[in-house]
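Source file: input16.cif. Holds: mmCIF, C-alpha atoms.
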```
data_structure
loop_
_atom_site.label_atom_id
_atom_site.label_comp_id
_atom_site.auth_asym_id
_atom_site.auth_seq_id
_atom_site.Cartn_x
_atom_site.Cartn_y
_atom_site.Cartn_z
CA GLU A 223 158.90 37.25 151.95
CA GLN A 224 158.03 34.42 149.60
CA ASN A 225 155.31 32.06 150.80
CA MET A 226 155.89 28.54 149.49
CA SER A 227 153.28 25.83 149.42
CA VAL A 228 155.97 23.22 148.70
CA ARG A 229 159.23 22.77 150.60
CA MET A 230 162.02 22.26 148.12
CA LYS A 231 165.70 21.51 147.67
CA VAL A 232 167.13 22.44 144.27
CA LEU A 233 170.33 21.06 142.78
CA ALA A 234 171.82 23.60 140.38
CA VAL A 235 174.39 22.39 137.86
CA CYS A 236 176.47 25.21 136.38
CA PRO A 237 179.44 24.50 134.09
CA MET A 238 181.35 27.38 135.73
CA PRO A 239 179.74 28.30 139.06
CA GLN A 240 182.17 31.20 139.62
CA ASP A 241 181.45 33.09 136.38
CA GLY A 242 179.11 35.99 135.78
CA THR A 243 176.35 34.12 133.98
CA ALA A 244 176.03 31.66 136.87
CA TRP A 245 175.82 34.61 139.26
CA TRP A 246 173.00 36.31 137.38
CA ARG A 247 170.93 33.24 136.53
CA VAL A 248 171.52 30.93 139.53
CA ILE A 249 173.63 32.04 142.49
CA SER A 250 172.08 35.45 143.06
CA PRO A 251 168.38 34.57 142.50
CA LEU A 252 168.51 31.31 144.45
CA SER A 253 170.38 32.95 147.34
CA VAL A 254 167.72 35.67 147.55
CA LEU A 255 164.97 33.05 147.23
CA ARG A 256 166.41 31.11 150.16
CA GLU A 257 166.23 34.28 152.24
CA GLN A 258 162.69 35.03 151.04
CA SER A 259 161.40 31.54 151.80
CA GLN A 260 162.28 31.61 155.51
CA GLY A 261 163.63 28.09 155.47
CA ALA A 262 161.28 26.50 152.93
CA PHE A 263 163.86 26.60 150.13
CA ASP A 264 167.49 25.57 149.85
CA PHE A 265 169.90 24.73 147.04
CA ASP A 266 173.28 23.25 146.18
CA VAL A 267 175.53 24.29 143.29
CA ALA A 268 178.01 22.10 141.44
CA SER A 269 179.77 22.00 138.07
CA GLY A 270 178.89 18.33 137.76
CA THR A 271 176.84 15.83 139.70
CA ASP A 272 175.99 12.15 140.17
CA HIS A 273 173.08 9.86 140.90
CA VAL A 274 173.39 10.40 144.65
CA GLN A 275 172.88 14.16 144.48
CA ILE A 276 170.13 13.97 141.87
CA SER A 277 168.29 11.40 143.99
CA LYS A 278 168.39 13.74 147.01
CA CYS A 279 166.99 16.84 145.26
CA ASP A 280 163.42 17.91 144.53
CA LEU A 281 164.31 19.72 141.30
CA LEU A 282 167.30 19.74 138.95
CA LEU A 283 168.23 23.17 137.58
CA MET A 284 170.64 23.11 134.63
CA GLN A 285 172.32 26.40 133.75
CA ARG A 286 173.30 26.71 130.04
CA PRO A 287 173.59 22.90 129.63
CA ILE A 288 175.54 21.91 126.54
CA ARG A 289 177.87 19.05 127.55
CA PRO A 290 177.23 15.34 126.97
CA GLU A 291 177.11 14.78 130.73
CA ASP A 292 174.42 17.47 131.06
CA LEU A 293 172.11 15.46 128.84
CA ALA A 294 172.90 12.32 130.86
CA TYR A 295 171.99 14.12 134.11
CA ILE A 296 168.68 15.21 132.60
CA HIS A 297 167.75 11.72 131.37
CA PHE A 298 168.55 10.19 134.76
CA ALA A 299 166.55 12.84 136.64
CA LYS A 300 163.53 12.34 134.42
CA ARG A 301 163.67 8.58 134.92
CA GLN A 302 163.61 9.24 138.66
CA GLY A 303 160.66 11.60 138.38
CA VAL A 304 162.78 14.65 139.34
CA PRO A 305 161.58 17.76 137.47
CA VAL A 306 164.18 19.42 135.23
CA VAL A 307 164.46 23.14 134.51
CA VAL A 308 167.06 24.44 132.04
CA GLU A 309 168.35 28.02 132.04
CA TYR A 310 169.74 29.90 129.04
CA ASP A 311 170.87 33.51 128.77
CA ASP A 312 172.30 33.35 125.23
CA ASP A 313 171.23 31.79 121.94
CA TYR A 314 173.29 28.61 121.88
CA THR A 315 171.51 27.52 118.70
CA GLY A 316 172.73 30.58 116.78
CA VAL A 317 176.30 31.47 117.81
CA PRO A 318 177.77 33.64 115.02
CA ALA A 319 180.98 32.93 113.15
CA ASN A 320 182.82 35.86 114.76
CA ASN A 321 182.29 34.44 118.25
CA PRO A 322 185.47 32.72 119.55
CA ARG A 323 183.36 29.79 120.78
CA MET A 324 181.46 29.29 117.52
CA MET A 325 183.29 26.07 116.56
CA GLN A 326 182.57 24.59 119.99
CA TYR A 327 178.90 25.51 120.17
CA MET A 328 177.83 25.13 116.54
CA ALA A 329 179.35 21.68 115.90
CA PRO A 330 176.56 19.41 114.56
CA ASP A 331 176.66 16.97 117.48
CA THR A 332 176.58 19.86 119.98
CA GLN A 333 173.64 21.48 118.22
CA GLN A 334 171.73 18.20 118.19
CA ARG A 335 172.41 17.81 121.91
CA VAL A 336 171.35 21.37 122.79
CA ARG A 337 168.06 20.91 120.95
CA GLU A 338 167.49 17.60 122.70
CA ILE A 339 168.18 19.22 126.07
CA ILE A 340 165.74 22.06 125.38
CA GLY A 341 163.10 19.58 124.27
CA ALA A 342 163.60 17.27 127.26
CA ALA A 343 163.26 19.95 129.93
CA ASP A 344 160.03 20.20 131.91
CA VAL A 345 160.40 23.98 131.68
CA VAL A 346 162.91 26.20 129.87
CA LEU A 347 163.74 29.57 131.43
CA THR A 348 165.11 32.35 129.24
CA SER A 349 166.06 35.94 130.01
CA THR A 350 164.51 37.58 126.92
CA SER A 351 161.48 37.30 124.67
CA GLU A 352 163.80 36.88 121.67
CA LEU A 353 165.09 33.56 123.02
CA LYS A 354 161.60 32.33 123.83
CA ASN A 355 160.33 33.12 120.36
CA ARG A 356 163.22 31.31 118.68
CA TRP A 357 162.76 28.12 120.67
CA ARG A 358 158.97 27.79 120.66
CA ALA A 359 159.16 24.83 118.28
CA LEU A 360 161.55 22.98 120.61
CA ASN A 361 159.53 23.20 123.82
CA LYS A 362 156.06 24.57 124.54
CA ARG A 363 156.84 25.31 128.19
CA ILE A 364 159.21 28.28 127.98
CA ALA A 365 159.02 31.10 130.52
CA ILE A 366 160.78 34.46 130.49
CA ILE A 367 162.44 35.45 133.76
CA PRO A 368 164.49 38.59 133.11
CA ASN A 369 167.87 39.05 134.70
CA ALA A 370 167.39 41.09 137.84
CA TRP A 371 169.43 43.00 140.40
CA ASP A 372 170.33 41.31 143.67
CA ASP A 373 168.32 42.94 146.49
CA ARG A 374 171.35 42.81 148.78
CA PHE A 375 173.30 45.11 146.44
CA VAL A 376 171.15 48.20 146.94
CA VAL A 377 172.97 50.01 149.74
CA ASN A 378 176.74 50.19 149.22
CA ARG A 379 177.03 51.55 145.72
CA GLY A 380 180.72 52.36 145.62
CA GLU A 381 183.25 54.96 146.60
CA ASP A 382 183.44 58.69 145.87
CA ARG A 383 183.60 59.46 142.17
CA LEU A 384 186.90 60.33 140.52
CA PRO A 385 187.17 64.00 139.46
CA THR A 386 187.80 63.20 135.78
CA LEU A 387 184.99 62.33 133.35
CA ASN A 388 185.10 58.52 133.19
CA ILE A 389 183.63 56.33 130.44
CA MET A 390 183.46 52.58 130.84
CA TRP A 391 182.97 49.61 128.52
CA ARG A 392 182.74 46.02 129.74
CA GLY A 393 182.65 42.77 127.83
CA GLY A 394 184.48 39.60 126.88
CA ASP A 395 186.18 38.58 123.65
CA SER A 396 182.80 37.60 122.17
CA HIS A 397 182.23 41.36 121.79
CA ASN A 398 185.27 41.96 119.59
CA GLN A 399 183.03 42.48 116.54
CA ASP A 400 181.02 45.05 118.49
CA LEU A 401 184.18 46.94 119.39
CA ASP A 402 185.36 46.86 115.78
CA GLN A 403 182.04 48.13 114.43
CA PHE A 404 181.83 50.97 116.96
CA SER A 405 185.52 51.86 117.22
CA GLN A 406 185.33 54.79 114.80
CA ALA A 407 182.40 56.25 116.71
CA MET A 408 184.25 55.93 120.03
CA VAL A 409 187.36 57.58 118.58
CA ARG A 410 185.25 60.44 117.26
CA ALA A 411 183.57 60.95 120.65
CA ALA A 412 186.97 60.85 122.36
CA TRP A 413 188.26 63.74 120.22
CA GLU A 414 185.09 65.79 119.75
CA GLY A 415 183.60 65.36 123.21
CA GLU A 416 184.85 66.54 126.56
CA PRO A 417 188.19 65.02 127.65
CA ALA A 418 187.64 61.72 129.42
CA LEU A 419 189.37 58.65 130.75
CA TRP A 420 188.22 55.44 129.04
CA HIS A 421 188.08 52.20 131.02
CA PHE A 422 187.86 48.92 129.08
CA VAL A 423 187.04 46.00 131.36
CA GLY A 424 187.47 42.55 129.82
CA SER A 425 188.54 42.30 126.21
CA SER A 426 191.32 44.56 124.94
CA ALA A 427 190.58 47.62 122.80
CA TRP A 428 193.99 47.37 121.12
CA SER A 429 192.62 48.32 117.69
CA ILE A 430 191.91 51.91 118.78
CA HIS A 431 194.82 52.53 121.17
CA ASP A 432 196.84 54.57 118.70
CA LYS A 433 193.79 56.53 117.55
CA MET A 434 192.59 57.78 120.93
CA PRO A 435 193.92 60.82 122.80
CA PRO A 436 197.23 60.05 124.55
CA ALA A 437 197.03 58.29 127.92
CA SER A 438 193.23 58.16 127.79
CA ILE A 439 192.76 54.36 127.92
CA THR A 440 193.10 52.00 130.86
CA GLU A 441 192.43 48.29 130.46
CA TYR A 442 191.47 45.75 133.09
CA PRO A 443 191.43 41.98 132.58
CA PHE A 444 188.10 40.24 133.02
CA ALA A 445 187.83 39.28 136.67
CA ASP A 446 185.63 37.07 138.77
CA VAL A 447 182.37 38.37 140.19
CA ILE A 448 183.95 39.65 143.43
CA ASN A 449 186.72 41.64 141.76
CA TYR A 450 184.43 42.90 139.00
CA PHE A 451 181.91 44.45 141.36
CA ASN A 452 184.70 45.84 143.52
CA LEU A 453 186.23 47.45 140.44
CA LEU A 454 182.86 48.82 139.33
CA GLY A 455 182.40 50.38 142.74
CA GLN A 456 185.87 51.91 142.63
CA LEU A 457 185.62 53.35 139.11
CA ARG A 458 182.11 54.79 139.50
CA PRO A 459 182.02 55.79 135.78
CA ASN A 460 179.97 58.80 134.70
CA ILE A 461 178.99 57.03 131.48
CA LEU A 462 178.73 53.33 130.65
CA VAL A 463 178.54 52.49 126.94
CA VAL A 464 176.99 49.33 125.46
CA PRO A 465 178.00 49.19 121.78
CA LEU A 466 176.20 46.20 120.26
CA ALA A 467 176.10 45.32 116.57
CA ASP A 468 172.54 44.69 115.40
CA THR A 469 172.77 40.90 115.00
CA PRO A 470 170.32 38.13 115.95
CA PHE A 471 172.72 36.88 118.63
CA ASN A 472 172.99 40.31 120.27
CA ARG A 473 169.25 40.91 120.00
CA ALA A 474 168.73 37.95 122.33
CA LYS A 475 171.00 39.40 125.00
CA SER A 476 169.65 40.90 128.20
CA ASN A 477 170.22 44.33 129.74
CA ILE A 478 172.58 43.37 132.56
CA SER A 479 174.92 46.25 131.72
CA VAL A 480 172.11 48.78 132.24
CA MET A 481 171.62 47.56 135.81
CA GLU A 482 175.36 47.45 136.50
CA GLY A 483 175.81 50.98 135.16
CA ALA A 484 172.89 52.33 137.19
CA TRP A 485 174.25 50.74 140.38
CA ALA A 486 177.63 52.38 139.76
CA GLY A 487 175.95 55.75 139.17
CA ALA A 488 176.61 55.86 135.41
CA ALA A 489 174.37 57.24 132.70
CA VAL A 490 174.00 54.40 130.20
CA LEU A 491 174.16 54.52 126.39
CA ALA A 492 172.48 51.39 125.01
CA PRO A 493 170.82 50.10 121.81
CA ASP A 494 167.27 51.18 121.05
CA TRP A 495 165.82 47.66 121.42
CA GLU A 496 162.74 46.48 123.28
CA ASP A 497 164.47 44.82 126.24
CA TRP A 498 166.79 47.80 126.77
CA GLN A 499 164.17 50.47 127.46
CA ALA A 500 164.49 52.07 130.89
CA PRO A 501 164.17 55.59 132.33
CA GLY A 502 167.34 57.64 132.12
CA VAL A 503 168.97 55.44 129.46
CA THR A 504 170.10 57.11 126.23
CA HIS A 505 169.46 54.98 123.13
CA TYR A 506 171.19 54.86 119.77
CA LYS A 507 169.98 53.53 116.40
CA ASN A 508 173.32 52.54 114.86
CA ALA A 509 177.09 53.09 115.17
CA VAL A 510 176.98 56.61 113.72
CA ASP A 511 174.16 57.61 116.06
CA PHE A 512 176.13 56.05 118.92
CA GLY A 513 179.01 58.45 118.21
CA PHE A 514 176.73 61.50 118.15
CA LYS A 515 174.89 60.50 121.33
CA LEU A 516 178.09 59.73 123.21
CA THR A 517 179.66 63.04 122.20
CA GLU A 518 176.55 64.85 123.47
CA MET A 519 176.63 62.94 126.74
CA THR A 520 180.25 63.91 127.43
CA LYS A 521 179.24 67.57 127.18
CA LYS A 522 176.38 67.33 129.65
CA PRO A 523 176.89 68.74 133.15
CA ARG A 524 177.92 66.07 135.64
CA ALA A 525 174.78 66.74 137.64
CA GLU A 526 172.62 65.93 134.61
CA LEU A 527 174.47 62.67 134.01
CA ALA A 528 174.02 61.80 137.67
CA SER A 529 170.29 62.58 137.40
CA MET A 530 169.97 60.27 134.39
CA ALA A 531 171.76 57.52 136.28
CA GLN A 532 169.51 58.02 139.30
CA ALA A 533 166.39 57.69 137.13
CA THR A 534 167.65 54.33 135.87
CA TRP A 535 168.62 53.21 139.37
CA ASP A 536 165.15 54.12 140.68
CA ALA A 537 163.63 51.97 137.90
CA VAL A 538 165.93 49.08 138.86
CA ARG A 539 164.86 49.29 142.48
CA ASP A 540 161.18 49.57 141.56
CA ASN A 541 160.93 46.92 138.83
CA MET A 542 164.15 44.93 138.33
CA LEU A 543 165.00 43.34 141.68
CA VAL A 544 165.59 39.61 142.07
CA SER A 545 162.90 39.37 144.75
CA ARG A 546 160.33 40.47 142.17
CA ALA A 547 161.56 38.03 139.49
CA ASN A 548 161.58 35.25 142.08
CA LYS A 549 157.79 35.31 142.34
CA LEU A 550 157.54 33.58 138.97
CA ARG A 551 160.67 31.48 139.54
CA SER A 552 159.43 30.03 142.84
CA ALA A 553 155.93 29.48 141.43
CA ILE A 554 157.35 27.46 138.53
CA PHE A 555 159.58 25.41 140.83
CA ALA A 556 156.74 24.67 143.25
CA ALA A 557 154.29 23.76 140.47
CA LEU A 558 156.75 21.34 138.87
CA ILE A 559 157.62 19.64 142.13
CA ASP A 560 153.94 19.33 143.02
CA GLU A 561 153.17 18.01 139.53
CA LYS A 562 155.82 15.29 139.78
CA ARG A 563 154.74 14.30 143.28
CA LYS A 564 151.16 13.89 142.11
CA GLU A 565 152.33 11.82 139.15
CA ARG A 566 154.29 9.54 141.47
CA HIS A 567 151.32 9.27 143.81
CA ALA A 568 149.00 8.45 140.93
CA SER A 569 151.47 5.86 139.69
CA ARG A 570 151.66 4.27 143.13
CA SER A 571 147.87 4.30 143.34
CA ARG A 572 147.67 2.58 139.96
CA ASP A 573 150.30 0.07 141.06
CA ASP A 574 148.44 -0.58 144.33
CA LYS A 575 145.17 -1.04 142.46
CA LEU A 576 146.84 -3.34 139.96
CA ALA A 577 148.40 -5.37 142.77
CA GLU A 578 145.00 -5.63 144.42
CA ILE A 579 143.39 -6.85 141.19
CA VAL A 580 146.20 -9.31 140.49
CA GLY A 581 146.06 -10.54 144.07
CA MET A 582 142.33 -11.15 143.83
CA ALA A 583 142.76 -12.99 140.52
CA ILE A 584 145.46 -15.22 141.97
CA GLU A 585 143.35 -15.89 145.00
CA GLN A 586 140.38 -16.89 142.84
CA GLN A 587 142.57 -19.29 140.85
CA GLN A 588 143.75 -21.16 143.93
CA PRO A 589 142.33 -24.73 143.96
CA GLU A 590 139.86 -25.24 146.70
CA ALA A 591 141.16 -27.24 149.60
CA PRO A 592 139.70 -30.76 149.55
CA GLN A 593 136.99 -31.23 152.11
CA ALA A 594 137.47 -33.98 154.63
CA GLN A 595 135.26 -37.01 153.91
CA GLU A 596 133.44 -38.82 156.61
CA GLN A 597 134.92 -42.16 157.42
CA PRO A 598 132.47 -45.03 157.26
CA GLN A 599 131.39 -46.32 160.59
#
```

Output the structure of this file as structure tokens.
Amino acid sequence: EQNMSVRMKVLAVCPMPQDGTAWWRVISPLSVLREQSQGAFDFDVASGTDHVQISKCDLLLMQRPIRPEDLAYIHFAKRQGVPVVVEYDDDYTGVPANNPRMMQYMAPDTQQRVREIIGAADVVLTSTSELKNRWRALNKRIAIIPNAWDDRFVVNRGEDRLPTLNIMWRGGDSHNQDLDQFSQAMVRAAWEGEPALWHFVGSSAWSIHDKMPPASITEYPFADVINYFNLLGQLRPNILVVPLADTPFNRAKSNISVMEGAWAGAAVLAPDWEDWQAPGVTHYKNAVDFGFKLTEMTKKPRAELASMAQATWDAVRDNMLVSRANKLRSAIFAALIDEKRKERHASRSRDDKLAEIVGMAIEQQQPEAPQAQEQPQ
């Protein structure tokens, strides 16, 4: 349970409320926080808003704001004395050229707007230390709240595992460079390791189709949150691979895939970076090392892979739950709301004092009423 000294209603603006980033950074944590607060906290979610909704909320939460209207919402909220928190889970000031959205995000006017948004926020929340360090010059009030696993997703972890060795990759088209850089290593592991079925969820792995063992690849289009978790629970992969090129943009990413893999019962192969360290996870140094490590993992007994996955899952349950991350999140929200209320109270007190002084001055300047003169007898 989360004790709250301040009752609050948060308005969360997400450009795409149904997508995965909104789930991890807004929908899941705020839903758990509402349950923790026992009625002291509530929230609304919208892709856009207006002055009516902003006026009714205690705090405006902006998830990955980048649009012109996002900046307008922030300016209006600040003029009303509504605290503003912005949420980012990727480096929108450093989108690389190979990212399909680079032209959209890195346009000069967009970059100027993103920097203004970061600077205008009362607090900026990021998921990794890399993001915080890059944006220190833009805003001094940046807090790290790691992505965390929804407490309500700890019981039903999926169906019985398929008999074949199953390897899974998940990612959107922004990871095409990662697939290209690691494709040779995956092909090598497919031929030199134990026979396996490969499941690619999201972007297509078309560049390696003709190089992999026959009938070893199945592809699934990127789905919404509901269908993705249902698919993850159905596949129950033995191994989940996270091939990431060592770039500044990828370094700022969080370890969501580690938690997803652990929930599904998969042993995870991930980069050997600071934010990706967890019990049971196998780490690689580069693409060549990735191929060696993956080949070794395919040859491990299934029970050993399951034990590795369980070690990671235990760490998730002990240290990576949303309820734990919400302690800092709720404390920041409450402090900001309290801060703004005190500012408004102080302003009203100053206004009342000023009115009192002005009133006294006006009163003193009033001409004295003429005294009645005695009439001569």

Distance criterion (all atoms listed in the file): nearest to A:Leu543 out of A:Lys278, A:Lys354, A:Arg374, A:His273: A:Arg374

Taking (185.7, 37.2, 121.5) in the file's own coordinates, collect the residues within 12 Å, counting only C-alpha atoms, and hand them back as a list in words. Val317, Pro318, Ala319, Asn320, Asn321, Pro322, Arg323, Met324, Gly393, Gly394, Asp395, Ser396, His397, Asn398, Gln399, Asp400, Leu401, Asp402, Gly424, Ser425, Ser426 and Ala427 of chain A

Using the selection just defined, write its residues with C-alpha atoms as a PDB file, in the frame of the given file.
```
ATOM      1  CA  VAL A 317     176.300  31.470 117.810  1.00  0.00           C
ATOM      2  CA  PRO A 318     177.770  33.640 115.020  1.00  0.00           C
ATOM      3  CA  ALA A 319     180.980  32.930 113.150  1.00  0.00           C
ATOM      4  CA  ASN A 320     182.820  35.860 114.760  1.00  0.00           C
ATOM      5  CA  ASN A 321     182.290  34.440 118.250  1.00  0.00           C
ATOM      6  CA  PRO A 322     185.470  32.720 119.550  1.00  0.00           C
ATOM      7  CA  ARG A 323     183.360  29.790 120.780  1.00  0.00           C
ATOM      8  CA  MET A 324     181.460  29.290 117.520  1.00  0.00           C
ATOM      9  CA  GLY A 393     182.650  42.770 127.830  1.00  0.00           C
ATOM     10  CA  GLY A 394     184.480  39.600 126.880  1.00  0.00           C
ATOM     11  CA  ASP A 395     186.180  38.580 123.650  1.00  0.00           C
ATOM     12  CA  SER A 396     182.800  37.600 122.170  1.00  0.00           C
ATOM     13  CA  HIS A 397     182.230  41.360 121.790  1.00  0.00           C
ATOM     14  CA  ASN A 398     185.270  41.960 119.590  1.00  0.00           C
ATOM     15  CA  GLN A 399     183.030  42.480 116.540  1.00  0.00           C
ATOM     16  CA  ASP A 400     181.020  45.050 118.490  1.00  0.00           C
ATOM     17  CA  LEU A 401     184.180  46.940 119.390  1.00  0.00           C
ATOM     18  CA  ASP A 402     185.360  46.860 115.780  1.00  0.00           C
ATOM     19  CA  GLY A 424     187.470  42.550 129.820  1.00  0.00           C
ATOM     20  CA  SER A 425     188.540  42.300 126.210  1.00  0.00           C
ATOM     21  CA  SER A 426     191.320  44.560 124.940  1.00  0.00           C
ATOM     22  CA  ALA A 427     190.580  47.620 122.800  1.00  0.00           C
TER      23      ALA A 427
END
```

Residues within 7 Å of A:Val308, please, as a PyMOL selection string. Count all atoms listed in the file; anything in the same chain fewer than 4 positions from it doesn't count. chain A and resi 283-286+343+345-347

Non-local contacts of A:Ser253 (12 Å; all atoms listed in the file; under 6 positions in same chain excluded) as a PDB file with C-alpha atoms, in the frame of the given file:
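Once everything was written out, this is part_39.pdb:
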```
ATOM      1  CA  VAL A 232     167.130  22.440 144.270  1.00  0.00           C
ATOM      2  CA  ALA A 234     171.820  23.600 140.380  1.00  0.00           C
ATOM      3  CA  ALA A 244     176.030  31.660 136.870  1.00  0.00           C
ATOM      4  CA  TRP A 245     175.820  34.610 139.260  1.00  0.00           C
ATOM      5  CA  TRP A 246     173.000  36.310 137.380  1.00  0.00           C
ATOM      6  CA  ARG A 247     170.930  33.240 136.530  1.00  0.00           C
ATOM      7  CA  SER A 259     161.400  31.540 151.800  1.00  0.00           C
ATOM      8  CA  GLN A 260     162.280  31.610 155.510  1.00  0.00           C
ATOM      9  CA  GLY A 261     163.630  28.090 155.470  1.00  0.00           C
ATOM     10  CA  PHE A 263     163.860  26.600 150.130  1.00  0.00           C
ATOM     11  CA  ASP A 264     167.490  25.570 149.850  1.00  0.00           C
ATOM     12  CA  PHE A 265     169.900  24.730 147.040  1.00  0.00           C
ATOM     13  CA  ASP A 266     173.280  23.250 146.180  1.00  0.00           C
ATOM     14  CA  VAL A 267     175.530  24.290 143.290  1.00  0.00           C
ATOM     15  CA  ASP A 372     170.330  41.310 143.670  1.00  0.00           C
ATOM     16  CA  ASP A 373     168.320  42.940 146.490  1.00  0.00           C
ATOM     17  CA  ARG A 374     171.350  42.810 148.780  1.00  0.00           C
ATOM     18  CA  VAL A 544     165.590  39.610 142.070  1.00  0.00           C
ATOM     19  CA  SER A 545     162.900  39.370 144.750  1.00  0.00           C
ATOM     20  CA  ASN A 548     161.580  35.250 142.080  1.00  0.00           C
TER      21      ASN A 548
END
```

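Here atom CA of A:Leu353 stands at a distance of 16.6 Å from atom CA of A:Met328.
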
Which of A:Phe512, A:Phe298, A:Trp371, A:Tyr314 sits closest to A:Tyr327 [using all atoms listed in the file]: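 Among the listed residues, the smallest separation from A:Tyr327 belongs to A:Tyr314.
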
Find the spatial neighbours of A:Met434, counting all atoms listed in the file, within a cut-off of 7 Å - ignore same-chain residues fewer than 4 positions away - and output them as a list of chain:residue names.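 Contacts, in chain order: A:Val409, A:Ala412, A:Ile430, A:Ser438.
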
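Taking only C-alpha atoms into account, A:Leu550 lies nearest to A:Ile367 out of the set A:Ile367, A:Leu360, A:Ile288, A:Ile339.
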
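The nearest approach to A:Thr386 among the residues A:Arg524, A:Val423, A:Lys507, A:Thr315, with all atoms listed in the file taken into account, belongs to A:Arg524.
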
Counting all atoms listed in the file, which residues come within 8 Å of (185.8, 53.6, 138.3), with the point read in the file's coordinates, and could you list them as a list in words?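 Residues with an atom close enough to that point: Arg383, Leu384, Asn388, Met390, His421, Leu453, Leu454, Gly455, Gln456, Leu457, Arg458 and Pro459 of chain A.
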
Generate a file of the selected residues that holds C-alpha atoms, formatted as a short mmCIF file (atom, residue, chain, number, x, y, z; two decimals), keeping the file's coordinate frame.
```
data_model
loop_
_atom_site.label_atom_id
_atom_site.label_comp_id
_atom_site.auth_asym_id
_atom_site.auth_seq_id
_atom_site.Cartn_x
_atom_site.Cartn_y
_atom_site.Cartn_z
CA ARG A 383 183.60 59.46 142.17
CA LEU A 384 186.90 60.33 140.52
CA ASN A 388 185.10 58.52 133.19
CA MET A 390 183.46 52.58 130.84
CA HIS A 421 188.08 52.20 131.02
CA LEU A 453 186.23 47.45 140.44
CA LEU A 454 182.86 48.82 139.33
CA GLY A 455 182.40 50.38 142.74
CA GLN A 456 185.87 51.91 142.63
CA LEU A 457 185.62 53.35 139.11
CA ARG A 458 182.11 54.79 139.50
CA PRO A 459 182.02 55.79 135.78
#
```

Between A:Ala553, A:Ala484, A:Leu255, A:Leu491, which residue has the minimum interatomic distance to A:Val376, considering only C-alpha atoms?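 Under the stated criterion, the closest residue is A:Ala484.
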
Which of A:Ala488, A:Val336, A:Ile478, A:Leu527 sits closest to A:Arg289 [using only C-alpha atoms]: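 For A:Arg289, the nearest of the candidates is A:Val336.
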
How many Å separate atom CA of A:Leu233 from atom CA of A:Phe375?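 Taking atom CA of A:Leu233 and atom CA of A:Phe375, their separation equals 24.5 Å.
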
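Going from atom CA of A:Ala537 to atom CA of A:Val480 covers 10.7 Å.
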
Residues in the PyMOL selection byres ((chain A and resi 416) around 6), expressed as a count of residues only: 4

For the file shown, what are the residues hit by the PyMOL selection byres ((chain A and resi 369) around 6), laid out as a ChimeraX atom specification? /A:349,368,370

Selection export as a PDB file, keeping the file's coordinate frame, atoms kept: C-alpha atoms:
```
ATOM      1  CA  SER A 349     166.060  35.940 130.010  1.00  0.00           C
ATOM      2  CA  PRO A 368     164.490  38.590 133.110  1.00  0.00           C
ATOM      3  CA  ALA A 370     167.390  41.090 137.840  1.00  0.00           C
TER       4      ALA A 370
END
```

Any chance you could resolve the PyMOL selection byres ((chain A and resi 310) around 6) against this file and give the residues as number ranges by chain? A: 286, 309, 311-312, 348

Leaving out A:Asp241 and any residue of its chain fewer than 2 positions from it, which residues lie within 9 Å of it when counting all atoms listed in the file, given as a PDB file with C-alpha atoms, keeping the file's coordinate frame?
```
ATOM      1  CA  MET A 238     181.350  27.380 135.730  1.00  0.00           C
ATOM      2  CA  PRO A 239     179.740  28.300 139.060  1.00  0.00           C
ATOM      3  CA  THR A 243     176.350  34.120 133.980  1.00  0.00           C
ATOM      4  CA  ALA A 244     176.030  31.660 136.870  1.00  0.00           C
ATOM      5  CA  TRP A 245     175.820  34.610 139.260  1.00  0.00           C
ATOM      6  CA  ALA A 445     187.830  39.280 136.670  1.00  0.00           C
ATOM      7  CA  ASP A 446     185.630  37.070 138.770  1.00  0.00           C
ATOM      8  CA  VAL A 447     182.370  38.370 140.190  1.00  0.00           C
TER       9      VAL A 447
END
```
